[in-house]
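Below is one structure, written out as structure tokens, with a few remarks after it.
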Amino acid sequence: MQTFKLEGEYIPMIQLLKVLNWVEHGGMAQRVVEEGLVKYNGEVDYRKRLKVRQGDVVEFDGMKVQVV
């Protein structure tokens, strides 16, 4: 599992996917979230603007990141 150092209070889910280079662009990030391919703290979450905060774990396509 990799870690992501959060700068600030939170990062929107689609922005996190882009920053980690898990998707090529914002449209793809929105699509994978809408299709239920992203897990947030172990549960599928369909919110594109979900505020990911310290301690959260995000999973996508066999990859996993903990926000610190």
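Labels for the structure tokens follow display order: chains A, B, ..., residues from 1 in each chain, ligands from 1.
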List as a compact mmCIF listing (two decimals) with C-alpha atoms, in the first residue's frame the protein and nucleic acid residues near Glu35 of chain A, meaning an atom at most 12 Å away when only C-alpha atoms are counted, but skip any in the same chain fewer than 2 places from it.
```txt
# COMPACT_ATOMS: atom_id res chain seq x y z
CA MET A 28 -11.83 9.16 -16.67
CA ALA A 29 -11.69 9.77 -12.91
CA GLN A 30 -15.37 10.74 -12.87
CA ARG A 31 -16.30 7.70 -14.95
CA VAL A 32 -14.52 5.12 -12.76
CA VAL A 33 -16.15 6.61 -9.64
CA LEU A 37 -14.81 0.92 -9.47
CA VAL A 38 -13.37 2.90 -6.55
CA LYS A 39 -13.54 1.84 -2.90
CA VAL A 44 -17.81 1.29 -2.99
CA ASP A 45 -18.59 5.02 -3.11
CA TYR A 46 -20.13 6.85 -6.07
CA ARG A 47 -19.46 10.44 -4.93
CA LYS A 48 -17.04 12.22 -7.28
CA PHE A 60 -8.83 1.24 -7.41
```
For the structure I just gave you, how does DSSP split segment 2-46 of chain A - specifically, which residues are strand (DSSP E)? Reply as JSON, numbers by chain.
{"A": [2, 3, 4, 11, 12, 38, 39, 40, 43, 44]}
Writing out the chosen residues with all heavy atoms as a PDB file, in the first residue's frame:
```pdb
ATOM      1  N   GLN A   2       0.557   2.181  -0.860  1.00  0.00           N
ATOM      2  CA  GLN A   2       1.312   3.421  -0.871  1.00  0.00           C
ATOM      3  C   GLN A   2       0.632   4.445   0.032  1.00  0.00           C
ATOM      4  O   GLN A   2      -0.484   4.226   0.494  1.00  0.00           O
ATOM      5  CB  GLN A   2       1.465   3.945  -2.296  1.00  0.00           C
ATOM      6  CG  GLN A   2       0.181   4.393  -2.956  1.00  0.00           C
ATOM      7  CD  GLN A   2       0.390   4.765  -4.414  1.00  0.00           C
ATOM      8  OE1 GLN A   2       0.157   3.968  -5.299  1.00  0.00           O
ATOM      9  NE2 GLN A   2       0.835   5.982  -4.653  1.00  0.00           N
ATOM     10  N   THR A   3       1.329   5.547   0.286  1.00  0.00           N
ATOM     11  CA  THR A   3       0.749   6.615   1.093  1.00  0.00           C
ATOM     12  C   THR A   3       0.745   7.901   0.279  1.00  0.00           C
ATOM     13  O   THR A   3       1.541   8.078  -0.644  1.00  0.00           O
ATOM     14  CB  THR A   3       1.543   6.848   2.398  1.00  0.00           C
ATOM     15  OG1 THR A   3       2.887   7.165   2.075  1.00  0.00           O
ATOM     16  CG2 THR A   3       1.495   5.629   3.294  1.00  0.00           C
ATOM     17  N   PHE A   4      -0.183   8.779   0.634  1.00  0.00           N
ATOM     18  CA  PHE A   4      -0.289  10.090  -0.003  1.00  0.00           C
ATOM     19  C   PHE A   4      -0.316  11.135   1.096  1.00  0.00           C
ATOM     20  O   PHE A   4      -1.174  11.085   1.979  1.00  0.00           O
ATOM     21  CB  PHE A   4      -1.562  10.182  -0.854  1.00  0.00           C
ATOM     22  CG  PHE A   4      -1.799  11.545  -1.422  1.00  0.00           C
ATOM     23  CD1 PHE A   4      -1.082  11.976  -2.523  1.00  0.00           C
ATOM     24  CD2 PHE A   4      -2.720  12.399  -0.850  1.00  0.00           C
ATOM     25  CE1 PHE A   4      -1.285  13.251  -3.043  1.00  0.00           C
ATOM     26  CE2 PHE A   4      -2.939  13.674  -1.359  1.00  0.00           C
ATOM     27  CZ  PHE A   4      -2.210  14.096  -2.464  1.00  0.00           C
ATOM     28  N   ILE A  11      -8.848  16.330   0.042  1.00  0.00           N
ATOM     29  CA  ILE A  11      -8.673  16.375  -1.404  1.00  0.00           C
ATOM     30  C   ILE A  11      -9.886  15.665  -2.019  1.00  0.00           C
ATOM     31  O   ILE A  11     -10.284  14.604  -1.531  1.00  0.00           O
ATOM     32  CB  ILE A  11      -7.342  15.714  -1.848  1.00  0.00           C
ATOM     33  CG1 ILE A  11      -7.143  15.828  -3.369  1.00  0.00           C
ATOM     34  CG2 ILE A  11      -7.264  14.264  -1.397  1.00  0.00           C
ATOM     35  CD1 ILE A  11      -5.740  15.439  -3.839  1.00  0.00           C
ATOM     36  N   PRO A  12     -10.502  16.252  -3.055  1.00  0.00           N
ATOM     37  CA  PRO A  12     -11.641  15.580  -3.698  1.00  0.00           C
ATOM     38  C   PRO A  12     -11.206  14.247  -4.318  1.00  0.00           C
ATOM     39  O   PRO A  12     -10.089  14.122  -4.833  1.00  0.00           O
ATOM     40  CB  PRO A  12     -12.079  16.571  -4.776  1.00  0.00           C
ATOM     41  CG  PRO A  12     -11.569  17.901  -4.305  1.00  0.00           C
ATOM     42  CD  PRO A  12     -10.283  17.596  -3.603  1.00  0.00           C
ATOM     43  N   VAL A  38     -14.243   2.361  -7.590  1.00  0.00           N
ATOM     44  CA  VAL A  38     -13.371   2.903  -6.545  1.00  0.00           C
ATOM     45  C   VAL A  38     -13.962   2.575  -5.176  1.00  0.00           C
ATOM     46  O   VAL A  38     -15.157   2.748  -4.947  1.00  0.00           O
ATOM     47  CB  VAL A  38     -13.225   4.434  -6.700  1.00  0.00           C
ATOM     48  CG1 VAL A  38     -12.335   5.000  -5.608  1.00  0.00           C
ATOM     49  CG2 VAL A  38     -12.657   4.775  -8.073  1.00  0.00           C
ATOM     50  N   LYS A  39     -13.110   2.101  -4.282  1.00  0.00           N
ATOM     51  CA  LYS A  39     -13.540   1.838  -2.905  1.00  0.00           C
ATOM     52  C   LYS A  39     -12.953   2.902  -1.981  1.00  0.00           C
ATOM     53  O   LYS A  39     -11.794   3.278  -2.103  1.00  0.00           O
ATOM     54  CB  LYS A  39     -13.065   0.458  -2.439  1.00  0.00           C
ATOM     55  CG  LYS A  39     -13.866  -0.677  -2.992  1.00  0.00           C
ATOM     56  CD  LYS A  39     -13.465  -1.977  -2.326  1.00  0.00           C
ATOM     57  CE  LYS A  39     -14.307  -3.126  -2.823  1.00  0.00           C
ATOM     58  NZ  LYS A  39     -13.933  -4.378  -2.153  1.00  0.00           N
ATOM     59  N   TYR A  40     -13.790   3.342  -1.055  1.00  0.00           N
ATOM     60  CA  TYR A  40     -13.404   4.346  -0.057  1.00  0.00           C
ATOM     61  C   TYR A  40     -13.595   3.701   1.318  1.00  0.00           C
ATOM     62  O   TYR A  40     -14.709   3.333   1.674  1.00  0.00           O
ATOM     63  CB  TYR A  40     -14.292   5.587  -0.234  1.00  0.00           C
ATOM     64  CG  TYR A  40     -14.173   6.628   0.835  1.00  0.00           C
ATOM     65  CD1 TYR A  40     -13.031   7.405   0.938  1.00  0.00           C
ATOM     66  CD2 TYR A  40     -15.199   6.836   1.733  1.00  0.00           C
ATOM     67  CE1 TYR A  40     -12.918   8.376   1.911  1.00  0.00           C
ATOM     68  CE2 TYR A  40     -15.107   7.811   2.711  1.00  0.00           C
ATOM     69  CZ  TYR A  40     -13.961   8.573   2.796  1.00  0.00           C
ATOM     70  OH  TYR A  40     -13.857   9.536   3.757  1.00  0.00           O
ATOM     71  N   GLU A  43     -15.508   0.375   1.141  1.00  0.00           N
ATOM     72  CA  GLU A  43     -16.860   0.361   0.566  1.00  0.00           C
ATOM     73  C   GLU A  43     -16.867   1.095  -0.771  1.00  0.00           C
ATOM     74  O   GLU A  43     -16.215   2.117  -0.925  1.00  0.00           O
ATOM     75  CB  GLU A  43     -17.851   1.065   1.509  1.00  0.00           C
ATOM     76  CG  GLU A  43     -17.955   0.458   2.890  1.00  0.00           C
ATOM     77  CD  GLU A  43     -18.690  -0.867   2.906  1.00  0.00           C
ATOM     78  OE1 GLU A  43     -19.606  -1.034   2.088  1.00  0.00           O
ATOM     79  OE2 GLU A  43     -18.324  -1.726   3.715  1.00  0.00           O
ATOM     80  N   VAL A  44     -17.644   0.585  -1.722  1.00  0.00           N
ATOM     81  CA  VAL A  44     -17.809   1.292  -2.995  1.00  0.00           C
ATOM     82  C   VAL A  44     -18.520   2.608  -2.722  1.00  0.00           C
ATOM     83  O   VAL A  44     -19.496   2.660  -1.980  1.00  0.00           O
ATOM     84  CB  VAL A  44     -18.622   0.440  -3.996  1.00  0.00           C
ATOM     85  CG1 VAL A  44     -18.934   1.245  -5.251  1.00  0.00           C
ATOM     86  CG2 VAL A  44     -17.867  -0.825  -4.343  1.00  0.00           C
TER      87      VAL A  44
END
```
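We find atom CA of Met13 of chain A and atom CA of Gln66 of chain A to be spaced 12.7 Å apart.
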Residues flagged helix (DSSP H, G or I) by DSSP in chain A, as a PDB file with N, CA and C atoms, in the first residue's frame:
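To be explicit, this is the file written out as out22.pdb:
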```pdb
ATOM      1  N   MET A  13     -12.082  13.267  -4.282  1.00  0.00           N
ATOM      2  CA  MET A  13     -11.765  11.929  -4.779  1.00  0.00           C
ATOM      3  C   MET A  13     -11.199  11.946  -6.197  1.00  0.00           C
ATOM      4  N   ILE A  14     -11.880  12.644  -7.131  1.00  0.00           N
ATOM      5  CA  ILE A  14     -11.411  12.614  -8.515  1.00  0.00           C
ATOM      6  C   ILE A  14     -10.039  13.263  -8.656  1.00  0.00           C
ATOM      7  N   GLN A  15      -9.762  14.271  -7.849  1.00  0.00           N
ATOM      8  CA  GLN A  15      -8.454  14.913  -7.899  1.00  0.00           C
ATOM      9  C   GLN A  15      -7.372  13.966  -7.365  1.00  0.00           C
ATOM     10  N   LEU A  16      -7.689  13.211  -6.323  1.00  0.00           N
ATOM     11  CA  LEU A  16      -6.734  12.241  -5.776  1.00  0.00           C
ATOM     12  C   LEU A  16      -6.372  11.193  -6.828  1.00  0.00           C
ATOM     13  N   LEU A  17      -7.355  10.689  -7.539  1.00  0.00           N
ATOM     14  CA  LEU A  17      -7.101   9.694  -8.580  1.00  0.00           C
ATOM     15  C   LEU A  17      -6.171  10.242  -9.656  1.00  0.00           C
ATOM     16  N   LYS A  18      -6.339  11.528 -10.000  1.00  0.00           N
ATOM     17  CA  LYS A  18      -5.479  12.155 -11.010  1.00  0.00           C
ATOM     18  C   LYS A  18      -4.064  12.372 -10.474  1.00  0.00           C
ATOM     19  N   VAL A  19      -3.950  12.864  -9.247  1.00  0.00           N
ATOM     20  CA  VAL A  19      -2.635  13.136  -8.656  1.00  0.00           C
ATOM     21  C   VAL A  19      -1.800  11.859  -8.545  1.00  0.00           C
ATOM     22  N   GLY A  26      -9.409  13.930 -15.835  1.00  0.00           N
ATOM     23  CA  GLY A  26     -10.548  14.097 -14.945  1.00  0.00           C
ATOM     24  C   GLY A  26     -11.802  13.380 -15.386  1.00  0.00           C
ATOM     25  N   GLY A  27     -12.050  13.339 -16.692  1.00  0.00           N
ATOM     26  CA  GLY A  27     -13.227  12.636 -17.200  1.00  0.00           C
ATOM     27  C   GLY A  27     -13.176  11.159 -16.879  1.00  0.00           C
ATOM     28  N   MET A  28     -11.998  10.589 -17.008  1.00  0.00           N
ATOM     29  CA  MET A  28     -11.834   9.164 -16.674  1.00  0.00           C
ATOM     30  C   MET A  28     -12.033   8.942 -15.179  1.00  0.00           C
ATOM     31  N   ALA A  29     -11.529   9.871 -14.360  1.00  0.00           N
ATOM     32  CA  ALA A  29     -11.692   9.768 -12.906  1.00  0.00           C
ATOM     33  C   ALA A  29     -13.175   9.774 -12.542  1.00  0.00           C
ATOM     34  N   GLN A  30     -13.934  10.683 -13.146  1.00  0.00           N
ATOM     35  CA  GLN A  30     -15.369  10.744 -12.873  1.00  0.00           C
ATOM     36  C   GLN A  30     -16.054   9.449 -13.289  1.00  0.00           C
ATOM     37  N   ARG A  31     -15.677   8.917 -14.433  1.00  0.00           N
ATOM     38  CA  ARG A  31     -16.297   7.705 -14.953  1.00  0.00           C
ATOM     39  C   ARG A  31     -16.051   6.496 -14.046  1.00  0.00           C
ATOM     40  N   VAL A  32     -14.803   6.300 -13.588  1.00  0.00           N
ATOM     41  CA  VAL A  32     -14.517   5.124 -12.758  1.00  0.00           C
ATOM     42  C   VAL A  32     -15.230   5.217 -11.413  1.00  0.00           C
ATOM     43  N   VAL A  33     -15.411   6.438 -10.890  1.00  0.00           N
ATOM     44  CA  VAL A  33     -16.151   6.611  -9.635  1.00  0.00           C
ATOM     45  C   VAL A  33     -17.633   6.314  -9.869  1.00  0.00           C
ATOM     46  N   GLU A  34     -18.200   6.878 -10.941  1.00  0.00           N
ATOM     47  CA  GLU A  34     -19.618   6.657 -11.246  1.00  0.00           C
ATOM     48  C   GLU A  34     -19.935   5.187 -11.485  1.00  0.00           C
TER      49      GLU A  34
END
```
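Distance annotation: of A:Gly42, A:Val65, A:His25, A:Val52, the residue with the minimal separation from Glu9 of chain A is A:Val52; atom set is only C-alpha atoms.
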What does the distance between atom CA of Met63 of chain A and atom CA of Met1 of chain A come to in Å, to one decimal place?
7.3 Å
